[in-house]
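**Q** Here's a structure for you.
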There are 4 protein chains.
Amino acid sequence: MCRWVAYRGETTPLERYVTEPAHSLVAQSLSAKESVGATNGDGFGLGWYGERAEPGLYRDVRPAWSDENLKHLCRHIRSPLFFAHVRAATGTPTTRPNCHPFVHDNWMFMHNGQVGDWSLIRRRVEALIPDAFYKSRGGTTDSEAVFLAILGAGANTDPVAATMRTLVALTELVSVSGTTEPLRFTAALSDGRDLYAFRFAHGGSANTLYYRETGPNVVVVSEPLDMEREFWKPVPPGHLIAARAGKPVTLAPFPEVPRLAAE
Amino acid sequence: MCRWVAYRGETTPLERYVTEPAHSLVAQSLSAKESVGATNGDGFGLGWYGERAEPGLYRDVRPAWSDENLKHLCRHIRSPLFFAHVRAATGTPTTRPNCHPFVHDNWMFMHNGQVGDWSLIRRRVEALIPDAFYKSRGGTTDSEAVFLAILGAGANTDPVAATMRTLVALTELVSVSGTTEPLRFTAALSDGRDLYAFRFAHGGSANTLYYRETGPNVVVVSEPLDMEREFWKPVPPGHLIAARAGKPVTLAPFPEVPRLAAE
Amino acid sequence: MCRWVAYRGETTPLERYVTEPAHSLVAQSLSAKESVGATNGDGFGLGWYGERAEPGLYRDVRPAWSDENLKHLCRHIRSPLFFAHVRAATGTPTTRPNCHPFVHDNWMFMHNGQVGDWSLIRRRVEALIPDAFYKSRGGTTDSEAVFLAILGAGANTDPVAATMRTLVALTELVSVSGTTEPLRFTAALSDGRDLYAFRFAHGGSANTLYYRETGPNVVVVSEPLDMEREFWKPVPPGHLIAARAGKPVTLAPFPEVPRLAAE
Amino acid sequence: MCRWVAYRGETTPLERYVTEPAHSLVAQSLSAKESVGATNGDGFGLGWYGERAEPGLYRDVRPAWSDENLKHLCRHIRSPLFFAHVRAATGTPTTRPNCHPFVHDNWMFMHNGQVGDWSLIRRRVEALIPDAFYKSRGGTTDSEAVFLAILGAGANTDPVAATMRTLVALTELVSVSGTTEPLRFTAALSDGRDLYAFRFAHGGSANTLYYRETGPNVVVVSEPLDMEREFWKPVPPGHLIAARAGKPVTLAPFPEVPRLAAE
């Protein structure tokens, strides 16, 4: 069970969301409130868009709460669109390539959840990844495999449809694998221009997701960053947030997809 | 607030105390019960005596709960006298030389506690360390400085007296420094033959310490490793455990030392 | 291009081969002599058999030359059969699961070489691994995939035949992949009882391999550990060393395998 | 023997000097040309000034050549004044707080060299550091101690004079310590506005230092970053480079300081 923050809006120092708030993401690395395990100490990551098409990336295996570099970077890097993630591993090793976010060209992705019993279906999920994207698989997590599968399903053309198609396939694979472990998918995706966040589960409850709008800025989080709970709106299961360049933020149910069983 | 285990007795695999019990030290790294903070994820260490005069040592900056090496070593290393420690840092960086246990020649030491406001008295505590021992100061913690001060105070001749003398000096330094932060010293010391464990505090409550004897074996711990609480005897503040080669384990109050204020 | 040492014989401290010799493996991590790149600083690993069926394992991402833990472990661990490896990465990330040796149950393996252009054939090599073994794939290297393929090819029944079958398959995969990159396979394999070491290449020169017998002990190395070059016998390409329990060490050409092209 | 780069000029991505050139600093981490040891794999660091008074900082214990984060950061961070350093340790452990550059408030410092036999004079050099600065001593290197001594000698008022005074004191301490080890000081210092670089030695040859001016930009380096050697001017021993805001870059001999023995 991980915790994450995604931001899109006016250019801002990352510290404003990652390290400064009362219940900042770094505070959540030590004591999350709305997850089964309170500790998210199995590595962390930052990804941010700036002047390049592809995002910058800083990931490490240490807990976020003790990383001096993270504090420095959050204070010195400014971005209009960034992700931050603290990890609680669900079985795969604590290595940098297993830390979120994951990047490929201009795309970035992070995830909180699990894909059924990963040891049962890893190969079949990896088989969803086209060769062109398999080359960039640097780790062994379910999350990275799902990201590359989404890219392979046509994210460049329609990121929401590609995600839906991938969730249909994953739901199917988990179902037939015979596990009682759920598929949980609370995730963020961006191409450097638009931000999408999804909340979904099959076979169990969906991991929490909230968002907050302040003028032109939107923050999407695993759990609220401060005590002003009334400003944080929950995203219902089977719903997605879209924050597209030059458009108002929308919260909507997943589009109809054949065979996609809502939670 | 750290957690630790010290063992002296029949040669045994380290896993028996470090990783296997229900509430093993590694379990305590993620969720300690009798400390203010439940997480002890700022590095860890193992030290063990074997065929050499000096102990073996394995320390790393990652949390103990995710370290595969630790699991392997605890399973494959056997020893009649060993220390294991999981760290919750109190201000100094998470580096290997700041992880416990500390070793010097045949001596080994680990600590749970704090030495007043370290930033106020660091220099004066370091001044207690004779030149010959200052050379082996590899980190910046209060704990390592106290260890080297104890060695400098004559541990080779009389380890208990050397520790008492050092506690007198530390109590004095903390008192005159003007801090309200306590001196807390729950520590283990060994020369490879005998094991000593101390519980003491000045200006605050003493960190917990328990021990359990099973035949010729004694385990001293920050908190019980299992649910059989009746077998674990608390060590009162101002008391020390001595497990000397060929002698019965003793629990005794600190010997009289001029000016050593008991808690 | 990595460097490694494998030992089978009387129980000995690991330091005798890993850290002490004039041109020890740790010295080779900083300045190897018989490899293209002199630096092998992309992680390292130790694996050793003791009282358990499965080997102990210590791997880390730092250079071997600066790792204090490695020095301690080599001094304090004794074993009759162990592997040590310093890594020079050939494209995959520097993570612990990508460091050698690799273990599975009682089996252990390490490798110096490359499998053609890994990005071209990774999927096909991974497809050689049966499901039962794919679960234990913790990293992304060609070496680990080859190890699991060898286990899947029947190492438990006949380790040499399983290795030969796997080399046949790899040679085929590399050949049809259209690369000009060679297959290089200088590797060691053990089940905890017997030790095998192989030197082979297809499409290029084979990485060096030497061995030295001293009474009942045999050491197999990438390059000699000391200046007494006359005691180190080279293993020719297409040959293997077998040091089986209770039998004399043998050096022999690879057994005949259909379609296995010798170098 | 470390390698470093300091830059002052137009705002530029760090990659232009740290990772891109033919003989970039990262290339030098693996194969430096003008130093005794070619490998600088004992950690690295980046420090850069941006919109804050204090610099950003990224340091890690891994070799620079394999650090993916470093590549990302150098590509995404732009700065008008930055330091980068790859370390070859001279005895102190490979920890983050022992990596250069060192920062304190708005000051930043990095060093290539040694301070005689550090084990002989460490205490006396640390005694040069006023209490107010000793609190920020996070590691155990000679370099960090010298930096804090320079700050304590009045860098805020006159950085060059403070450095000179400190070199006088160090020369004296090394001389009377009875060592034959030299004092070598090839270092860079900045307050976020002006850049100073020094080349000095006592009792041995001075470590190399070069600089290159291109329009308003100046780069100061341990060794040239490319093959255009004619553009790189050597800094003679006992000389310093000053690149002050709004002023031309100057190369000058050290100012007269009582008892400062030139090399």
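The chains in the structure tokens are called A, B, ... from first to last as shown; in each chain the residues are counted from 1, and the ligands are counted from 1 in the order shown.
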List the neighbours of region 182-195 of chain D out to 6 Å using only C-alpha atoms; skip same-chain residues closer than 6 positions along the sequence, and give me the result as an MDAnalysis selection string.

**A** chainID D and resid 106:116 201:204 206 242:245

**Q** For chain A, report every residue with an atom at most 8 Å from chain B (counting only C-alpha atoms), formatted as a list in words.

**A** Leu30, Thr39, Gly41, Asp42, Val61, Arg62, Pro63, Ser66, Pro93 and Thr94 of chain A

**Q** Can you write out the residues you just picked, keeping all heavy atoms, as a compact mmCIF listing (two decimals), in the first residue's frame?

**A**
# COMPACT_ATOMS: atom_id res chain seq x y z
N LEU A 30 6.17 7.86 6.96
CA LEU A 30 6.38 7.33 8.31
C LEU A 30 5.07 6.95 8.98
O LEU A 30 5.01 6.00 9.76
CB LEU A 30 7.11 8.38 9.15
CG LEU A 30 7.79 7.92 10.43
CD1 LEU A 30 8.71 6.74 10.18
CD2 LEU A 30 8.59 9.07 11.03
N THR A 39 3.45 2.41 7.42
CA THR A 39 4.81 2.73 7.02
C THR A 39 4.99 2.52 5.52
O THR A 39 4.68 1.45 5.00
CB THR A 39 5.81 1.85 7.79
OG1 THR A 39 5.53 1.94 9.18
CG2 THR A 39 7.23 2.30 7.53
N GLY A 41 8.09 2.80 3.69
CA GLY A 41 9.52 3.04 3.80
C GLY A 41 10.37 2.24 2.83
O GLY A 41 11.58 2.13 2.99
N ASP A 42 9.73 1.69 1.78
CA ASP A 42 10.46 0.85 0.83
C ASP A 42 10.83 1.61 -0.43
O ASP A 42 10.56 1.16 -1.55
CB ASP A 42 9.63 -0.39 0.50
CG ASP A 42 9.32 -1.21 1.74
OD1 ASP A 42 10.19 -1.28 2.63
OD2 ASP A 42 8.22 -1.77 1.84
N VAL A 61 16.15 3.94 -2.75
CA VAL A 61 15.63 2.81 -1.98
C VAL A 61 15.47 3.12 -0.50
O VAL A 61 14.92 2.32 0.25
CB VAL A 61 16.53 1.57 -2.13
CG1 VAL A 61 16.56 1.13 -3.57
CG2 VAL A 61 17.95 1.85 -1.63
N ARG A 62 15.99 4.22 -0.06
CA ARG A 62 15.88 4.56 1.36
C ARG A 62 14.49 5.10 1.67
O ARG A 62 13.77 5.51 0.78
CB ARG A 62 16.92 5.61 1.70
CG ARG A 62 18.34 5.09 1.54
CD ARG A 62 19.34 6.20 1.56
NE ARG A 62 19.23 6.94 2.80
CZ ARG A 62 20.28 7.46 3.43
NH1 ARG A 62 21.50 7.33 2.92
NH2 ARG A 62 20.12 8.14 4.54
N PRO A 63 14.11 5.11 2.95
CA PRO A 63 12.85 5.75 3.29
C PRO A 63 12.91 7.25 2.97
O PRO A 63 13.95 7.88 3.16
CB PRO A 63 12.74 5.53 4.81
CG PRO A 63 13.64 4.39 5.13
CD PRO A 63 14.75 4.47 4.12
N SER A 66 14.15 10.04 5.73
CA SER A 66 15.53 10.31 6.13
C SER A 66 16.41 10.74 4.98
O SER A 66 17.62 10.84 5.12
CB SER A 66 16.13 9.07 6.80
OG SER A 66 16.35 8.05 5.83
N PRO A 93 11.43 -6.73 -4.80
CA PRO A 93 12.53 -6.17 -4.00
C PRO A 93 12.55 -4.64 -3.98
O PRO A 93 11.99 -3.98 -4.86
CB PRO A 93 13.79 -6.69 -4.71
CG PRO A 93 13.36 -7.77 -5.62
CD PRO A 93 11.91 -7.54 -5.92
N THR A 94 13.22 -4.11 -2.97
CA THR A 94 13.42 -2.68 -2.85
C THR A 94 14.64 -2.27 -3.67
O THR A 94 15.76 -2.31 -3.18
CB THR A 94 13.60 -2.31 -1.35
OG1 THR A 94 12.43 -2.73 -0.65
CG2 THR A 94 13.77 -0.82 -1.16

**Q** If you measure from CA of Phe82 (chain C) to CA of Ser24 (chain C), what distance in Å do you get, rounded to one decimal?

**A** 14.9 Å

**Q** What's the 8 Å shell around region 136-145 of chain C, counting only C-alpha atoms, without same-chain residues fewer than 2 positions away, as a list of chain:residue names?

**A**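 Near neighbours after the sequence-gap exclusion: A:Thr92, A:Pro93, A:Gly138, A:Gly139, A:Thr140, C:Thr92, C:Thr95, C:Pro97, C:Asn98, C:Phe102, C:His104, C:Met110, C:His111, C:Gln114, C:Val115, C:Trp118, C:Arg122, C:Val125, C:Glu126, C:Ile129, C:Phe133, C:Tyr134, C:Phe147, C:Leu148, C:Ala149.
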
**Q** Residues at most 8 Å from region 6-17 of chain C, counting only C-alpha atoms, excluding those fewer than 6 positions away in the same chain, as a ChimeraX atom specification?

**A** /C:24-25,71,73-84,188,195,216-221,225,243

**Q** Which neighbours of region 248-258 of chain C fall inside 8 Å, counting only C-alpha atoms, when residues of the same chain fewer than 5 positions from it are skipped, and could you give them as a PyMOL selection string?

**A** chain C and resi 164-165+168+218+235+238-243

**Q** For a test of reading the model, state the distance in Å between CA of Leu173 (chain C) and CA of Asp131 (chain A), rounded to one decimal.

**A**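 That distance, rounded to one decimal, is 15.9 Å.
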
**Q** Go ahead and compute the interatomic distance for CA of Gly246 (chain A) and CA of Ala153 (chain A), in Å to one decimal.

**A** 25.6 Å

**Q** Based on the backbone DSSP call, show me all residues of region 19-242 of chain B assigned strand (DSSP E), as a PyMOL selection string.

**A** chain B and resi 44-48+56-60+78-86+102-104+107-115+183-190+195-202+210-214+217-221+233-234+239-242

**Q** Excluding region 53-55 of chain A and its own-chain neighbours fewer than 2 positions away, which residues fall within 6 Å of it when counting only C-alpha atoms? Please give them as number ranges by chain.

**A** A: 48-49, 105-106

**Q** For those residues, write C-alpha atoms to a file as a short mmCIF file (atom, residue, chain, number, x, y, z; two decimals), in the first residue's frame.

**A**
data_model
loop_
_atom_site.label_atom_id
_atom_site.label_comp_id
_atom_site.auth_asym_id
_atom_site.auth_seq_id
_atom_site.Cartn_x
_atom_site.Cartn_y
_atom_site.Cartn_z
CA TRP A 48 8.69 16.29 -12.72
CA TYR A 49 8.24 18.00 -16.06
CA ASP A 105 9.78 9.01 -23.28
CA ASN A 106 7.42 11.81 -22.26
#

**Q** Quick check for you: according to DSSP on this backbone, which residues of region 112-246 of chain A are classed as helix (DSSP H, G or I)? Reply as a PyMOL selection string.

**A** chain A and resi 118-126+131-134+142-152+159-176+229-231

**Q** For each of C:Asp226, C:Gly50, C:Gly152, C:Asn69, take the minimum atom-to-atom distance to Glu20 (chain C), counting only C-alpha atoms, then give the residue where this is smallest.

**A**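 Using only C-alpha atoms, the shortest distance to Glu20 (chain C) belongs to C:Asp226.
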
**Q** Give me, as JSON, numbers by chain, all polymer residues having an atom no more than 8 Å from Arg59 (chain D), counting only C-alpha atoms and skipping those fewer than 4 positions away in the same chain.

**A** {"A": [69], "D": [43, 44, 45, 46, 96, 99, 100]}
